[in-house]
Amino acid sequence: MTTPAADEPVLDAEGHFHATDAPIDISHYGWEDWFTFGVFWLLALDVFYQFFTRYVLQDSAAWTEEIARYLLIGVVFVGASIGVAKNNHIQVDLLYRYMPAPLCRALALLVDVVRIAFLAAMTVFTVQMMQKMGPLQMTIVDLPMNIVYSVVLFGFAAMALRSIWVMKVH
């Protein structure tokens, strides 16, 4: 809700409350935001189903715990690309405050290059691990485990691409 201006009355002469909502703008959300939001709601539905079968029906669905774990992995790895896109990674801002500007610029460039190299390496390592895992199946659900690792691969690749984009912005 928007706050009224200092000269705009909130209550009219009859004592009725008047306020208007600010327009909602969702255009700043990227594809990672929406994908992660969808996976998060699948996770919420899965956990609710697990709760319902365990405590209401007294017959727990065994597959829900495993699927919840894998959905949480998806939320974390694809959601991490949101943090990379917003440049919200952990850093020590105190150093940047007291260092000379050219040194800050060089350090920021070094951080960007190291981050890109790390995420690109993790993408390659994930592909190598997927190749070694081959036809391994999930524990309870009869699906290939590489489905989970493909989401991890997707998350690492998205983080690496977003890191390149952030470096170009810098």
# chains A, B, ... in the order shown; residues from 1 in each chain; ligands from 1
>>> residues_around(residues="Val111 of chain A", least_positions_apart="5", cutoff="12 Å", atoms="only C-alpha atoms", output="PDB file with N, CA, C and O atoms, in the first residue's frame")
ATOM      1  N   ASN A  87      24.385 -10.115  -8.396  1.00  0.00           N
ATOM      2  CA  ASN A  87      25.712  -9.864  -7.830  1.00  0.00           C
ATOM      3  C   ASN A  87      25.650  -9.792  -6.305  1.00  0.00           C
ATOM      4  O   ASN A  87      26.226  -8.911  -5.681  1.00  0.00           O
ATOM      5  N   HIS A  89      26.794 -12.186  -4.251  1.00  0.00           N
ATOM      6  CA  HIS A  89      27.684 -13.153  -3.636  1.00  0.00           C
ATOM      7  C   HIS A  89      28.397 -12.516  -2.443  1.00  0.00           C
ATOM      8  O   HIS A  89      28.499 -11.301  -2.334  1.00  0.00           O
ATOM      9  N   ILE A  90      28.883 -13.357  -1.578  1.00  0.00           N
ATOM     10  CA  ILE A  90      29.516 -12.878  -0.350  1.00  0.00           C
ATOM     11  C   ILE A  90      30.829 -12.189  -0.703  1.00  0.00           C
ATOM     12  O   ILE A  90      31.651 -12.726  -1.445  1.00  0.00           O
ATOM     13  N   GLN A  91      31.010 -11.010  -0.184  1.00  0.00           N
ATOM     14  CA  GLN A  91      32.250 -10.279  -0.401  1.00  0.00           C
ATOM     15  C   GLN A  91      32.481  -9.355   0.780  1.00  0.00           C
ATOM     16  O   GLN A  91      31.577  -9.077   1.556  1.00  0.00           O
ATOM     17  N   VAL A  92      33.699  -8.861   0.871  1.00  0.00           N
ATOM     18  CA  VAL A  92      34.056  -7.957   1.962  1.00  0.00           C
ATOM     19  C   VAL A  92      34.049  -6.534   1.398  1.00  0.00           C
ATOM     20  O   VAL A  92      34.995  -6.120   0.732  1.00  0.00           O
ATOM     21  N   CYS A 104      40.563  -1.218  -6.537  1.00  0.00           N
ATOM     22  CA  CYS A 104      39.214  -1.810  -6.400  1.00  0.00           C
ATOM     23  C   CYS A 104      38.754  -2.396  -7.725  1.00  0.00           C
ATOM     24  O   CYS A 104      38.188  -3.493  -7.756  1.00  0.00           O
ATOM     25  N   ARG A 105      38.989  -1.654  -8.810  1.00  0.00           N
ATOM     26  CA  ARG A 105      38.570  -2.133 -10.125  1.00  0.00           C
ATOM     27  C   ARG A 105      39.303  -3.431 -10.485  1.00  0.00           C
ATOM     28  O   ARG A 105      38.710  -4.379 -10.994  1.00  0.00           O
ATOM     29  N   ALA A 106      40.615  -3.467 -10.217  1.00  0.00           N
ATOM     30  CA  ALA A 106      41.403  -4.665 -10.516  1.00  0.00           C
ATOM     31  C   ALA A 106      40.944  -5.849  -9.674  1.00  0.00           C
ATOM     32  O   ALA A 106      40.838  -6.980 -10.168  1.00  0.00           O
ATOM     33  N   ILE A 116      33.933 -16.879 -12.658  1.00  0.00           N
ATOM     34  CA  ILE A 116      33.602 -17.512 -13.939  1.00  0.00           C
ATOM     35  C   ILE A 116      34.375 -18.815 -14.101  1.00  0.00           C
ATOM     36  O   ILE A 116      33.811 -19.841 -14.506  1.00  0.00           O
ATOM     37  N   ALA A 117      35.661 -18.792 -13.770  1.00  0.00           N
ATOM     38  CA  ALA A 117      36.479 -19.999 -13.894  1.00  0.00           C
ATOM     39  C   ALA A 117      35.965 -21.110 -12.979  1.00  0.00           C
ATOM     40  O   ALA A 117      35.877 -22.277 -13.395  1.00  0.00           O
ATOM     41  N   PHE A 118      35.617 -20.771 -11.751  1.00  0.00           N
ATOM     42  CA  PHE A 118      35.107 -21.773 -10.811  1.00  0.00           C
ATOM     43  C   PHE A 118      33.797 -22.382 -11.313  1.00  0.00           C
ATOM     44  O   PHE A 118      33.632 -23.615 -11.325  1.00  0.00           O
ATOM     45  N   SER A 163      27.479 -15.000 -14.629  1.00  0.00           N
ATOM     46  CA  SER A 163      28.740 -14.391 -14.168  1.00  0.00           C
ATOM     47  C   SER A 163      29.418 -13.641 -15.312  1.00  0.00           C
ATOM     48  O   SER A 163      29.995 -12.565 -15.092  1.00  0.00           O
ATOM     49  N   ILE A 164      29.376 -14.209 -16.490  1.00  0.00           N
ATOM     50  CA  ILE A 164      29.938 -13.519 -17.662  1.00  0.00           C
ATOM     51  C   ILE A 164      29.168 -12.232 -17.911  1.00  0.00           C
ATOM     52  O   ILE A 164      29.749 -11.173 -18.178  1.00  0.00           O
ATOM     53  N   VAL A 166      27.492 -10.482 -15.684  1.00  0.00           N
ATOM     54  CA  VAL A 166      27.814  -9.532 -14.612  1.00  0.00           C
ATOM     55  C   VAL A 166      29.176  -8.887 -14.861  1.00  0.00           C
ATOM     56  O   VAL A 166      29.348  -7.677 -14.657  1.00  0.00           O
ATOM     57  N   MET A 167      30.147  -9.664 -15.336  1.00  0.00           N
ATOM     58  CA  MET A 167      31.462  -9.103 -15.625  1.00  0.00           C
ATOM     59  C   MET A 167      31.362  -8.065 -16.743  1.00  0.00           C
ATOM     60  O   MET A 167      32.017  -7.025 -16.686  1.00  0.00           O
ATOM     61  N   HIS A 170      30.040  -4.926 -15.260  1.00  0.00           N
ATOM     62  CA  HIS A 170      31.060  -4.236 -14.456  1.00  0.00           C
ATOM     63  C   HIS A 170      32.037  -3.515 -15.362  1.00  0.00           C
ATOM     64  O   HIS A 170      32.635  -2.565 -15.037  1.00  0.00           O
TER      65      HIS A 170
END
>>> residues_around(residues="Ala85 of chain A", least_positions_apart="6", cutoff="10 Å", atoms="only C-alpha atoms", output="ChimeraX atom specification")
/A:30,32,158-166
>>> select_by_dssp(residues="chain A", states="strand (DSSP E or B)", output="ChimeraX atom specification")
/A:11,17,137,144
>>> closest_residue(among="A:Phe37, A:Phe48, A:Phe77, A:Trp31", to="Ser60 of chain A", atoms="only C-alpha atoms")
A:Phe48
>>> select_by_dssp(residues="chain A", states="alpha helix (DSSP H)", output="ChimeraX atom specification")
/A:31-51,63-85,93-98,101-133,146-169
>>> atom_distance(atom1="atom CA of Phe40 of chain A", atom2="atom CA of Val84 of chain A")
18.6 Å
>>> closest_residue(among="A:Thr36, A:Thr53, A:Gln58, A:Ser27", to="Leu71 of chain A", atoms="only C-alpha atoms")
A:Thr36
>>> closest_residue(among="A:Tyr55, A:Phe35, A:Tyr49, A:Tyr98", to="Val151 of chain A", atoms="only C-alpha atoms")
A:Phe35
>>> residues_around(residues="Ile73 of chain A", least_positions_apart="4", cutoff="9 Å", atoms="only C-alpha atoms", output="PDB file with N, CA, C and O atoms, in the first residue's frame")
ATOM      1  N   ALA A  68      11.331 -34.643  -2.487  1.00  0.00           N
ATOM      2  CA  ALA A  68      11.527 -33.341  -1.822  1.00  0.00           C
ATOM      3  C   ALA A  68      13.008 -32.978  -1.777  1.00  0.00           C
ATOM      4  O   ALA A  68      13.382 -31.821  -2.000  1.00  0.00           O
ATOM      5  N   ARG A  69      13.851 -33.953  -1.508  1.00  0.00           N
ATOM      6  CA  ARG A  69      15.298 -33.711  -1.475  1.00  0.00           C
ATOM      7  C   ARG A  69      15.787 -33.249  -2.844  1.00  0.00           C
ATOM      8  O   ARG A  69      16.557 -32.292  -2.955  1.00  0.00           O
ATOM      9  N   PHE A  77      20.314 -24.865  -6.620  1.00  0.00           N
ATOM     10  CA  PHE A  77      21.268 -24.649  -7.702  1.00  0.00           C
ATOM     11  C   PHE A  77      20.758 -23.688  -8.768  1.00  0.00           C
ATOM     12  O   PHE A  77      21.518 -22.860  -9.268  1.00  0.00           O
ATOM     13  N   VAL A  78      19.493 -23.772  -9.125  1.00  0.00           N
ATOM     14  CA  VAL A  78      18.979 -22.804 -10.096  1.00  0.00           C
ATOM     15  C   VAL A  78      18.734 -21.467  -9.408  1.00  0.00           C
ATOM     16  O   VAL A  78      18.990 -20.409  -9.979  1.00  0.00           O
ATOM     17  N   VAL A 148      18.536 -35.586 -11.735  1.00  0.00           N
ATOM     18  CA  VAL A 148      18.882 -34.642 -10.658  1.00  0.00           C
ATOM     19  C   VAL A 148      20.144 -33.878 -11.023  1.00  0.00           C
ATOM     20  O   VAL A 148      20.213 -32.655 -10.888  1.00  0.00           O
ATOM     21  N   VAL A 151      19.808 -31.046 -13.493  1.00  0.00           N
ATOM     22  CA  VAL A 151      19.354 -29.786 -12.901  1.00  0.00           C
ATOM     23  C   VAL A 151      20.536 -29.056 -12.262  1.00  0.00           C
ATOM     24  O   VAL A 151      20.665 -27.830 -12.376  1.00  0.00           O
ATOM     25  N   VAL A 152      21.422 -29.799 -11.615  1.00  0.00           N
ATOM     26  CA  VAL A 152      22.639 -29.209 -11.046  1.00  0.00           C
ATOM     27  C   VAL A 152      23.501 -28.627 -12.167  1.00  0.00           C
ATOM     28  O   VAL A 152      24.015 -27.505 -12.064  1.00  0.00           O
TER      29      VAL A 152
END
>>> atom_distance(atom1="atom CA of Glu66 of chain A", atom2="atom CA of Met133 of chain A")
18.3 Å
>>> closest_residue(among="A:Ala22, A:Leu42, A:Val114, A:Ile67", to="Met138 of chain A", atoms="only C-alpha atoms")
A:Ile67
>>> closest_residue(among="A:Leu43, A:Leu143, A:Ala80, A:Leu153", to="Met130 of chain A", atoms="only C-alpha atoms")
A:Leu153
>>> atom_distance(atom1="atom CA of Leu107 of chain A", atom2="atom CA of Phe125 of chain A")
26.6 Å
>>> closest_residue(among="A:Gln131, A:Thr139, A:Thr20, A:Asn88", to="Ala62 of chain A", atoms="only C-alpha atoms")
A:Thr139
